[in-house]
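Have a look at coords_31.cif; it's mmCIF, C-alpha atoms and all ligand atoms:
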data_upload
#
loop_
_atom_site.label_atom_id
_atom_site.label_comp_id
_atom_site.auth_asym_id
_atom_site.auth_seq_id
_atom_site.Cartn_x
_atom_site.Cartn_y
_atom_site.Cartn_z
CA MET A 681 201.89 77.93 -164.95
CA LYS A 682 202.84 78.06 -168.62
CA ASN A 683 206.43 76.89 -168.28
CA ILE A 684 209.22 76.16 -165.79
CA HIS A 685 210.13 79.87 -165.54
CA ASP A 686 206.70 80.53 -164.03
CA PHE A 687 207.57 78.15 -161.18
CA LEU A 688 210.71 80.17 -160.39
CA LYS A 689 208.80 83.44 -160.72
CA ALA A 690 206.13 82.18 -158.31
CA LYS A 691 208.84 81.49 -155.73
CA GLU A 692 210.46 84.90 -156.24
CA GLU A 693 207.09 86.61 -155.89
CA LYS A 694 206.10 84.41 -152.92
CA ARG A 695 203.00 83.08 -154.70
CA LYS A 696 202.15 79.57 -153.48
CA ILE A 697 201.99 76.85 -156.13
CA THR A 698 199.09 74.36 -156.23
CA MET A 699 199.61 70.91 -157.68
CA ILE A 700 197.17 67.97 -157.79
CA SER A 701 198.13 64.41 -158.51
CA THR A 702 195.50 62.83 -160.73
CA TYR A 703 195.17 60.40 -163.59
CA GLU A 704 191.95 60.73 -165.57
CA TYR A 705 190.41 62.94 -168.26
CA TRP A 706 187.49 64.02 -166.06
CA SER A 707 189.43 64.85 -162.88
CA ALA A 708 192.05 66.72 -164.92
CA LYS A 709 189.27 68.74 -166.56
CA ILE A 710 187.92 69.72 -163.12
CA CYS A 711 191.45 70.69 -161.96
CA GLU A 712 191.97 72.91 -165.00
CA GLU A 713 188.58 74.56 -164.60
CA ALA A 714 189.33 75.15 -160.90
CA GLY A 715 192.57 76.96 -161.82
CA ILE A 716 195.04 74.48 -160.31
CA ASP A 717 198.59 75.55 -161.30
CA CYS A 718 200.00 72.16 -162.19
CA ILE A 719 198.81 68.55 -162.54
CA LEU A 720 201.05 65.65 -161.60
CA VAL A 721 200.23 62.35 -163.23
CA GLY A 722 201.66 60.47 -160.25
CA ASP A 723 202.70 56.86 -160.25
CA SER A 724 200.43 56.69 -157.18
CA VAL A 725 197.95 55.78 -159.94
CA GLY A 726 199.03 52.18 -159.32
CA MET A 727 197.83 52.28 -155.71
CA VAL A 728 194.93 54.72 -156.00
CA ASP A 729 193.39 53.61 -159.30
CA ALA A 730 194.59 50.02 -159.65
CA GLY A 731 194.62 48.89 -156.01
CA LEU A 732 198.30 47.89 -155.92
CA LYS A 733 200.17 47.78 -152.61
CA THR A 734 203.09 49.87 -153.92
CA THR A 735 203.92 52.00 -156.97
CA LEU A 736 206.65 49.59 -158.10
CA PRO A 737 204.73 47.61 -160.76
CA VAL A 738 203.61 50.73 -162.67
CA THR A 739 204.96 50.81 -166.25
CA VAL A 740 206.01 53.52 -168.70
CA GLU A 741 203.08 52.54 -170.95
CA GLU A 742 200.60 52.99 -168.08
CA MET A 743 202.02 56.42 -167.27
CA ILE A 744 201.69 57.40 -170.93
CA TYR A 745 198.09 56.15 -171.07
CA HIS A 746 197.17 58.27 -168.03
CA GLY A 747 199.30 61.20 -169.18
CA ARG A 748 197.41 61.33 -172.48
CA ALA A 749 194.04 61.21 -170.73
CA VAL A 750 195.07 64.04 -168.39
CA ARG A 751 196.39 66.12 -171.30
CA ARG A 752 193.04 65.73 -173.10
CA GLY A 753 191.21 66.86 -169.96
CA ALA A 754 193.56 69.75 -169.19
CA PRO A 755 194.91 71.04 -172.51
CA ASN A 756 196.13 74.33 -171.00
CA THR A 757 197.66 73.13 -167.73
CA PHE A 758 201.33 72.42 -166.94
CA ILE A 759 201.49 68.64 -166.63
CA VAL A 760 204.24 66.59 -164.99
CA VAL A 761 204.33 62.81 -165.49
CA ASP A 762 206.08 60.54 -163.00
CA MET A 763 208.79 58.28 -164.37
CA PRO A 764 207.94 54.86 -162.93
CA PHE A 765 210.24 52.57 -160.96
CA MET A 766 213.20 51.25 -163.01
CA SER A 767 212.51 53.50 -165.98
CA TYR A 768 215.34 55.88 -164.97
CA GLN A 769 217.49 54.11 -162.37
CA VAL A 770 219.45 51.79 -164.70
CA SER A 771 221.38 54.43 -166.64
CA PRO A 772 221.07 58.06 -167.76
CA GLU A 773 220.79 56.79 -171.38
CA GLU A 774 217.85 54.53 -170.61
CA ALA A 775 216.26 57.32 -168.56
CA LEU A 776 216.58 59.67 -171.54
CA LYS A 777 214.93 57.13 -173.85
CA ASN A 778 212.03 56.61 -171.45
CA ALA A 779 211.61 60.28 -170.58
CA GLY A 780 211.62 61.14 -174.30
CA LYS A 781 208.94 58.53 -174.95
CA ILE A 782 206.80 59.87 -172.08
CA MET A 783 207.17 63.47 -173.29
CA LYS A 784 206.41 62.62 -176.94
CA GLU A 785 203.50 60.31 -176.34
CA SER A 786 201.74 62.01 -173.43
CA CYS A 787 202.45 65.61 -174.52
CA CYS A 788 203.30 66.50 -170.93
CA ASN A 789 205.53 69.45 -169.97
CA ALA A 790 207.94 67.72 -167.60
CA VAL A 791 208.79 64.47 -165.84
CA LYS A 792 209.35 63.74 -162.15
CA VAL A 793 211.97 61.41 -160.69
CA GLU A 794 212.55 60.28 -157.11
CA GLY A 795 215.91 60.35 -155.34
CA GLY A 796 218.94 62.50 -154.62
CA GLU A 797 222.66 62.39 -155.38
CA GLU A 798 222.39 58.99 -157.09
CA ILE A 799 220.22 60.41 -159.90
CA ALA A 800 222.01 63.74 -160.41
CA LYS A 801 223.72 62.57 -163.61
CA THR A 802 220.38 61.36 -164.94
CA ILE A 803 218.75 64.72 -164.27
CA GLU A 804 221.64 66.50 -166.02
CA LYS A 805 221.19 64.23 -169.03
CA LEU A 806 217.44 64.84 -169.30
CA VAL A 807 217.76 68.59 -168.75
CA SER A 808 220.52 68.89 -171.37
CA ALA A 809 218.17 67.17 -173.84
CA GLY A 810 215.51 69.81 -173.14
CA ILE A 811 213.36 67.78 -170.75
CA PRO A 812 212.28 69.69 -167.64
CA VAL A 813 212.67 67.61 -164.48
CA MET A 814 210.92 67.86 -161.12
CA GLY A 815 212.75 66.15 -158.25
CA HIS A 816 211.28 64.31 -155.26
CA VAL A 817 213.03 63.74 -151.89
CA GLY A 818 212.04 62.76 -148.36
CA LEU A 819 209.67 59.80 -148.49
CA THR A 820 210.25 58.39 -151.96
CA PRO A 821 207.57 55.68 -152.41
CA GLN A 822 209.53 53.81 -155.10
CA SER A 823 212.11 53.01 -152.36
CA VAL A 824 209.48 51.79 -149.89
CA HIS A 825 211.23 48.46 -149.34
CA ALA A 826 214.60 50.11 -148.69
CA LEU A 827 213.01 52.69 -146.36
CA GLY A 828 211.15 49.98 -144.44
CA GLY A 829 207.67 51.40 -145.04
CA TYR A 830 205.82 54.65 -145.67
CA LYS A 831 207.39 56.60 -142.80
CA VAL A 832 208.25 60.21 -142.07
CA GLN A 833 211.83 60.89 -143.19
CA GLY A 834 214.48 63.29 -141.89
CA LYS A 835 214.01 62.58 -138.20
CA THR A 836 217.68 62.04 -137.35
CA GLU A 837 220.37 64.66 -137.79
CA GLU A 838 222.18 62.47 -140.32
CA ASP A 839 219.02 61.94 -142.36
CA ARG A 840 218.20 65.67 -142.29
CA LYS A 841 221.67 66.55 -143.60
CA ARG A 842 221.37 63.96 -146.37
CA ILE A 843 217.95 65.25 -147.50
CA ILE A 844 219.15 68.88 -147.51
CA LYS A 845 222.23 67.87 -149.50
CA ASP A 846 220.15 65.81 -151.94
CA ALA A 847 217.72 68.68 -152.53
CA LYS A 848 220.63 71.05 -153.30
CA ILE A 849 222.18 68.49 -155.65
CA LEU A 850 218.88 68.19 -157.55
CA GLU A 851 218.81 71.96 -157.97
CA GLN A 852 222.43 71.99 -159.18
CA ALA A 853 221.66 69.17 -161.62
CA GLY A 854 218.96 71.34 -163.21
CA ALA A 855 215.66 70.33 -161.60
CA PHE A 856 213.13 73.20 -161.82
CA ALA A 857 211.22 72.24 -158.64
CA VAL A 858 211.32 69.58 -155.96
CA VAL A 859 208.63 67.65 -154.11
CA LEU A 860 209.28 67.24 -150.36
CA GLU A 861 207.25 64.30 -149.06
CA ALA A 862 206.66 63.35 -145.42
CA VAL A 863 209.36 65.36 -143.68
CA PRO A 864 209.14 67.49 -140.52
CA SER A 865 207.97 71.01 -141.30
CA ASP A 866 211.11 72.69 -139.91
CA LEU A 867 213.24 70.62 -142.30
CA ALA A 868 210.96 71.53 -145.23
CA GLU A 869 211.26 75.19 -144.24
CA GLU A 870 215.06 74.99 -144.10
CA ILE A 871 215.22 73.37 -147.56
CA THR A 872 212.75 75.91 -148.96
CA GLU A 873 214.92 78.80 -147.75
CA PHE A 874 218.12 77.13 -148.94
CA LEU A 875 216.95 76.45 -152.52
CA ASP A 876 216.33 78.89 -155.36
CA ILE A 877 213.90 76.48 -157.04
CA PRO A 878 210.43 76.01 -155.51
CA THR A 879 209.61 73.22 -153.09
CA ILE A 880 206.21 71.55 -153.31
CA GLY A 881 205.24 69.81 -150.09
CA ILE A 882 203.07 66.85 -149.20
CA GLY A 883 203.08 66.04 -145.51
CA ALA A 884 205.80 68.69 -145.13
CA GLY A 885 204.01 71.53 -143.34
CA ASN A 886 202.98 74.89 -144.72
CA LYS A 887 206.33 76.62 -145.22
CA THR A 888 207.02 75.11 -148.65
CA ASP A 889 206.55 77.11 -151.85
CA GLY A 890 203.60 74.98 -152.89
CA GLN A 891 201.42 72.05 -151.89
CA VAL A 892 200.40 68.86 -153.65
CA LEU A 893 197.62 66.43 -152.73
CA VAL A 894 196.25 63.38 -154.50
CA PHE A 895 192.83 64.25 -155.96
CA HIS A 896 191.18 61.05 -154.67
CA ASP A 897 192.57 61.62 -151.15
CA MET A 898 191.40 65.22 -150.83
CA MET A 899 187.99 64.28 -152.22
CA GLY A 900 187.52 61.75 -149.41
CA PHE A 901 187.13 58.59 -151.49
CA PHE A 902 188.99 56.40 -148.99
CA ASP A 903 187.85 55.29 -145.53
CA LYS A 904 191.07 56.41 -143.85
CA SER A 905 193.39 59.30 -144.63
CA PRO A 906 196.96 59.91 -143.51
CA LYS A 907 197.46 62.86 -141.11
CA PHE A 908 198.66 65.22 -143.85
CA VAL A 909 195.53 64.84 -146.00
CA LYS A 910 192.71 67.34 -145.66
CA ARG A 911 189.42 65.83 -146.85
CA TYR A 912 187.79 68.76 -148.63
CA VAL A 913 184.67 66.73 -149.37
CA GLU A 914 183.35 63.34 -148.22
CA GLY A 915 183.34 61.89 -151.74
CA LYS A 916 182.75 58.26 -150.79
CA LYS A 917 179.70 59.18 -148.69
CA LEU A 918 178.24 61.32 -151.50
CA PHE A 919 178.81 58.61 -154.11
CA MET A 920 177.35 55.92 -151.83
CA GLU A 921 174.22 57.98 -151.29
CA ALA A 922 173.82 58.52 -155.05
CA LEU A 923 174.35 54.82 -155.81
CA LYS A 924 171.90 53.68 -153.13
CA GLN A 925 169.32 56.16 -154.38
CA PHE A 926 169.80 54.92 -157.98
CA SER A 927 169.43 51.34 -156.83
CA ASN A 928 166.24 52.02 -154.85
CA GLU A 929 164.70 54.09 -157.66
CA VAL A 930 165.36 51.40 -160.27
CA LYS A 931 163.94 48.67 -158.07
CA GLU A 932 160.85 50.74 -157.28
CA GLY A 933 160.34 51.79 -160.94
CA ILE A 934 160.90 55.49 -160.18
CA PHE A 935 163.93 55.85 -162.49
CA PRO A 936 163.88 56.55 -165.39
CA GLY A 937 161.08 59.09 -165.10
CA GLU A 938 159.25 60.87 -167.93
CA GLU A 939 162.02 63.53 -168.14
CA HIS A 940 164.65 60.86 -168.83
CA THR A 941 162.61 59.03 -171.47
CA TYR A 942 162.66 59.47 -175.29
CA LYS A 943 159.25 59.79 -177.02
O1 LIG A 1001 202.72 59.70 -157.21
C1 LIG A 1001 202.29 60.75 -156.69
O2 LIG A 1001 201.09 61.05 -156.71
C2 LIG A 1001 203.26 61.63 -156.05
C3 LIG A 1001 202.76 62.74 -155.19
C4 LIG A 1001 202.12 62.22 -153.97
C5 LIG A 1001 203.80 63.74 -154.91
O3 LIG A 1001 204.44 61.43 -156.22
#

Can you turn what I pasted into C-alpha cells?
Amino acid sequence: MKNIHDFLKAKEEKRKITMISTYEYWSAKICEEAGIDCILVGDSVGMVDAGLKTTLPVTVEEMIYHGRAVRRGAPNTFIVVDMPFMSYQVSPEEALKNAGKIMKESCCNAVKVEGGEEIAKTIEKLVSAGIPVMGHVGLTPQSVHALGGYKVQGKTEEDRKRIIKDAKILEQAGAFAVVLEAVPSDLAEEITEFLDIPTIGIGAGNKTDGQVLVFHDMMGFFDKSPKFVKRYVEGKKLFMEALKQFSNEVKEGIFPGEEHTYK
C-alpha cells in the first residue's frame, strides 16, 4: 500500500489487506521484508511491550517514539499510528494538534482513532487538514471500563445496529478504512458489504476486507492466546530454548568458541 487510494482499490479488486500491529524497528523491518501491506503502531504497545493492564496510560510521546522506530525499520510501508486515550476525545482542535504532532514526528501515513458517532466531527477535522484516518469499532480497548471488560461486541440487536451505524458514520466522516474488533462474523460481513471503505478485522471472522494481528501474539510469545489469534510460531518456546542453551554453554565454557573470538 502506497497511499489511502490503494486501500480502496484493494477492496474494489477484492484483494485482502494484511496489517500487523507492532512497535519496534526490528519487527517492522521483518514485516516490510515479508511484504505486509500496512503496519499499525497500536497503543496495545502499552500492554504487550510495557506490561500494562490496559492501553489507557499510553501517551502521545510514547506513540511517537514507537512510530519513529517502526518508520526506521519499514521505510517503504504504509504506517498507521494509534492516537492514545484522551489525545482526541476532548475536542476536534486538540485532536488535530495531537494528530499533527504524531504525523510530523513519527513520519507515519495515517492515524487511527477508536469510536463511532461521537468522534465523527473529529475525523472530519483531521481529514480536512490532510490527515488520513483509520476508524476502529466493535471492541474499542480504550473504552474497556465502559464496556465492562474485553468482550465480544454486537451480540444484541441494538448493539449490532449501533455498530453498523457507527461504521457508516466513520465512512461518511472521511475515514479511509475501519478496524472491526471482536464482533460476530456475520455482523462483520454485513458491515463489509455495506461500506465502500475496507474493513480490517481482528476477531471478526474471515469476511472482512483485511485482517490484523498483533505481531507478538501471532509469534506465540505469550502463554495464552485469545480464540481469534493464530499462533504461527511458538516464539516463547524457541526463545526459551535459545536462552537455556546460551546459559548452559556459558557455564560449561563452550561459548564463545574459536569462531566467535577475535585474534
Ligand atoms: O492497538 C492495537 O494493536 C490495535 C489492533 C489490535 C487493531 O488497535

For this session: Could you tell me which of A:His940, A:Lys917, A:Lys924, A:His896 comes closest to ligand LIG 1001 (chain A) if we count only C-alpha atoms and all ligand atoms?
Result: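 Using only C-alpha atoms and all ligand atoms, ligand LIG 1001 (chain A) sits closest to A:His896.
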
Once you count all atoms listed in the file, what closest atom pair and distance in Å to one decimal does each residue of chain A within 8 Å of ligand LIG 1001 (chain A) have, with rows by chain and rising residue number, as a Markdown table?
| residue | atom | partner | partner_atom | distance |
| --- | --- | --- | --- | --- |
| A:Ser701 | CA | A:LIG1001 | O2 | 4.8 |
| A:Thr702 | CA | A:LIG1001 | O2 | 7.1 |
| A:Leu720 | CA | A:LIG1001 | O2 | 6.7 |
| A:Val721 | CA | A:LIG1001 | O2 | 6.7 |
| A:Gly722 | CA | A:LIG1001 | O1 | 3.3 |
| A:Asp723 | CA | A:LIG1001 | O1 | 4.2 |
| A:Ser724 | CA | A:LIG1001 | O1 | 3.8 |
| A:Val725 | CA | A:LIG1001 | O1 | 6.8 |
| A:Thr735 | CA | A:LIG1001 | O1 | 7.8 |
| A:Asp762 | CA | A:LIG1001 | O1 | 6.7 |
| A:His816 | CA | A:LIG1001 | O3 | 7.5 |
| A:Thr820 | CA | A:LIG1001 | O3 | 7.8 |
| A:Pro821 | CA | A:LIG1001 | O3 | 7.6 |
| A:Val859 | CA | A:LIG1001 | C5 | 6.3 |
| A:Leu860 | CA | A:LIG1001 | C5 | 7.9 |
| A:Glu861 | CA | A:LIG1001 | C5 | 6.8 |
| A:Gly881 | CA | A:LIG1001 | C5 | 7.9 |
| A:Ile882 | CA | A:LIG1001 | C5 | 6.5 |
| A:Val892 | CA | A:LIG1001 | C5 | 6.3 |
| A:Leu893 | CA | A:LIG1001 | C4 | 6.3 |
| A:Val894 | CA | A:LIG1001 | O2 | 5.8 |

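Closest approach to Tyr745 (chain A) from the set A:Val728, A:Thr879, A:Glu785, A:Cys718 is made by A:Glu785, with distances taken over all atoms listed in the file.
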
Exercise. In terms of the shortest atom-to-atom distance over all atoms listed in the file, which of A:Glu774, A:Asp903, A:Asp846, A:Glu873 is closest to Gly818 (chain A)?
Worked result: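 Between A:Glu774, A:Asp903, A:Asp846, A:Glu873, the residue approaching Gly818 (chain A) most closely is A:Asp846.
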
Seminar exercise, completed: Using all atoms listed in the file, the shortest atom-to-atom distance to Met681 (chain A) among A:Val750, A:Ile844, A:Asn789, A:Glu742 belongs to A:Asn789

Problem set entry | d(CA of Lys805 (chain A), CA of Leu776 (chain A)) in Å |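 Those two atoms sit 7.0 Å apart.
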
For this session: Please indicate the distance in Å from CA of Lys916 (chain A) to CA of Ala730 (chain A), rounded to one decimal place.
Result: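 If I compute the distance from CA of Lys916 (chain A) to CA of Ala730 (chain A), I get 16.9 Å.
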
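What separates CA of Arg751 (chain A) from CA of Cys788 (chain A) is a distance of 6.9 Å.
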
Given the point (219.1, 60.2, -162.9) in the coordinates of this file, which residues lie within 10 Å, counting all atoms listed in the file, and how would they look as a compact mmCIF listing (two decimals) with C-alpha atoms, in the coordinates of the input?
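Final file, part.txt:
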# COMPACT_ATOMS: atom_id res chain seq x y z
CA SER A 767 212.51 53.50 -165.98
CA TYR A 768 215.34 55.88 -164.97
CA GLN A 769 217.49 54.11 -162.37
CA VAL A 770 219.45 51.79 -164.70
CA SER A 771 221.38 54.43 -166.64
CA PRO A 772 221.07 58.06 -167.76
CA GLU A 773 220.79 56.79 -171.38
CA GLU A 774 217.85 54.53 -170.61
CA ALA A 775 216.26 57.32 -168.56
CA LEU A 776 216.58 59.67 -171.54
CA VAL A 793 211.97 61.41 -160.69
CA GLU A 794 212.55 60.28 -157.11
CA GLY A 795 215.91 60.35 -155.34
CA GLY A 796 218.94 62.50 -154.62
CA GLU A 797 222.66 62.39 -155.38
CA GLU A 798 222.39 58.99 -157.09
CA ILE A 799 220.22 60.41 -159.90
CA ALA A 800 222.01 63.74 -160.41
CA LYS A 801 223.72 62.57 -163.61
CA THR A 802 220.38 61.36 -164.94
CA ILE A 803 218.75 64.72 -164.27
CA GLU A 804 221.64 66.50 -166.02
CA LYS A 805 221.19 64.23 -169.03
CA LEU A 806 217.44 64.84 -169.30
CA VAL A 813 212.67 67.61 -164.48
CA GLY A 815 212.75 66.15 -158.25
CA LEU A 850 218.88 68.19 -157.55
CA ALA A 853 221.66 69.17 -161.62

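Considering all atoms listed in the file, the residue among A:Ile700, A:Val863, A:Ala790, A:Ile871 positioned nearest to Tyr830 (chain A) is A:Val863.
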
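Proximity ranking of A:Ala826, A:Phe895, A:Phe919, A:Val817 relative to Leu867 (chain A) places A:Val817 first, based on only C-alpha atoms.
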
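For Ile710 (chain A), the list of residues within 12 Å, based on all atoms listed in the file and with local chain neighbours fewer than 3 positions off taken out, reads Ile700, Thr702, Tyr703, Glu704, Tyr705, Trp706, Ser707, Glu713, Ala714, Gly715, Ile716, Ile719, Val750, Arg752, Gly753, Ala754, Pro755, Thr757 and Phe895 of chain A.
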
Problem set entry | Cut-off 12 Å around (207.9, 65.7, -174.5) with all atoms listed in the file: residues as number ranges by chain | A: 744, 747-748, 751, 759-761, 776-791, 806-807, 809-813

Counting only C-alpha atoms, which residues of region 717-783 of chain A fall within 9 Å of region 682-686 of chain A, and what is the closest atom pair for each with its distance in Å at one decimal, ordered by chain and rising number, as CSV?
residue,atom,partner,partner_atom,distance
A:Asp717,CA,A:Lys682,CA,8.8
A:Asn756,CA,A:Lys682,CA,8.0
A:Thr757,CA,A:Lys682,CA,7.2
A:Phe758,CA,A:Lys682,CA,6.1

File of the preceding selection, C-alpha atoms, as a CSV table (one decimal), in the frame of the given file:
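And here is the file that came out, again-v2.csv:
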chain,number,residue,atom,x,y,z
A,717,ASP,CA,198.6,75.6,-161.3
A,756,ASN,CA,196.1,74.3,-171.0
A,757,THR,CA,197.7,73.1,-167.7
A,758,PHE,CA,201.3,72.4,-166.9

Filled-in N, CA and C atoms of region 883-901 of chain A, supplied as a compact mmCIF listing (two decimals), in the frame of the given file:
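File produced: rebuild.txt:
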# COMPACT_ATOMS: atom_id res chain seq x y z
N GLY A 883 202.70 66.51 -146.84
CA GLY A 883 203.08 66.04 -145.51
C GLY A 883 204.38 66.70 -145.08
N ALA A 884 204.55 67.98 -145.42
CA ALA A 884 205.80 68.69 -145.13
C ALA A 884 205.52 70.07 -144.52
N GLY A 885 204.35 70.26 -143.98
CA GLY A 885 204.01 71.53 -143.34
C GLY A 885 203.67 72.62 -144.34
N ASN A 886 203.47 73.83 -143.82
CA ASN A 886 202.98 74.89 -144.72
C ASN A 886 204.01 75.96 -145.07
N LYS A 887 205.30 75.63 -144.89
CA LYS A 887 206.33 76.62 -145.22
C LYS A 887 206.96 76.36 -146.60
N THR A 888 206.48 75.39 -147.30
CA THR A 888 207.02 75.11 -148.65
C THR A 888 206.43 76.12 -149.63
N ASP A 889 207.01 76.15 -150.85
CA ASP A 889 206.55 77.11 -151.85
C ASP A 889 205.22 76.70 -152.50
N GLY A 890 204.87 75.44 -152.33
CA GLY A 890 203.60 74.98 -152.89
C GLY A 890 203.15 73.73 -152.17
N GLN A 891 201.98 73.26 -152.52
CA GLN A 891 201.42 72.05 -151.89
C GLN A 891 200.87 71.14 -152.98
N VAL A 892 201.01 69.83 -152.75
CA VAL A 892 200.40 68.86 -153.65
C VAL A 892 199.58 67.87 -152.81
N LEU A 893 198.42 67.51 -153.32
CA LEU A 893 197.62 66.43 -152.73
C LEU A 893 197.14 65.54 -153.87
N VAL A 894 196.85 64.29 -153.53
CA VAL A 894 196.25 63.38 -154.50
C VAL A 894 194.75 63.69 -154.54
N PHE A 895 194.23 63.89 -155.75
CA PHE A 895 192.83 64.25 -155.96
C PHE A 895 191.89 63.34 -155.15
N HIS A 896 192.09 62.03 -155.28
CA HIS A 896 191.18 61.05 -154.67
C HIS A 896 191.26 61.08 -153.14
N ASP A 897 192.42 61.47 -152.60
CA ASP A 897 192.57 61.62 -151.15
C ASP A 897 191.79 62.83 -150.66
N MET A 898 192.03 63.99 -151.32
CA MET A 898 191.40 65.22 -150.83
C MET A 898 189.89 65.21 -151.04
N MET A 899 189.43 64.37 -151.98
CA MET A 899 187.99 64.28 -152.22
C MET A 899 187.32 63.24 -151.31
N GLY A 900 188.10 62.64 -150.42
CA GLY A 900 187.52 61.75 -149.41
C GLY A 900 186.96 60.44 -149.95
N PHE A 901 187.64 59.85 -150.93
CA PHE A 901 187.13 58.59 -151.49
C PHE A 901 187.53 57.36 -150.67
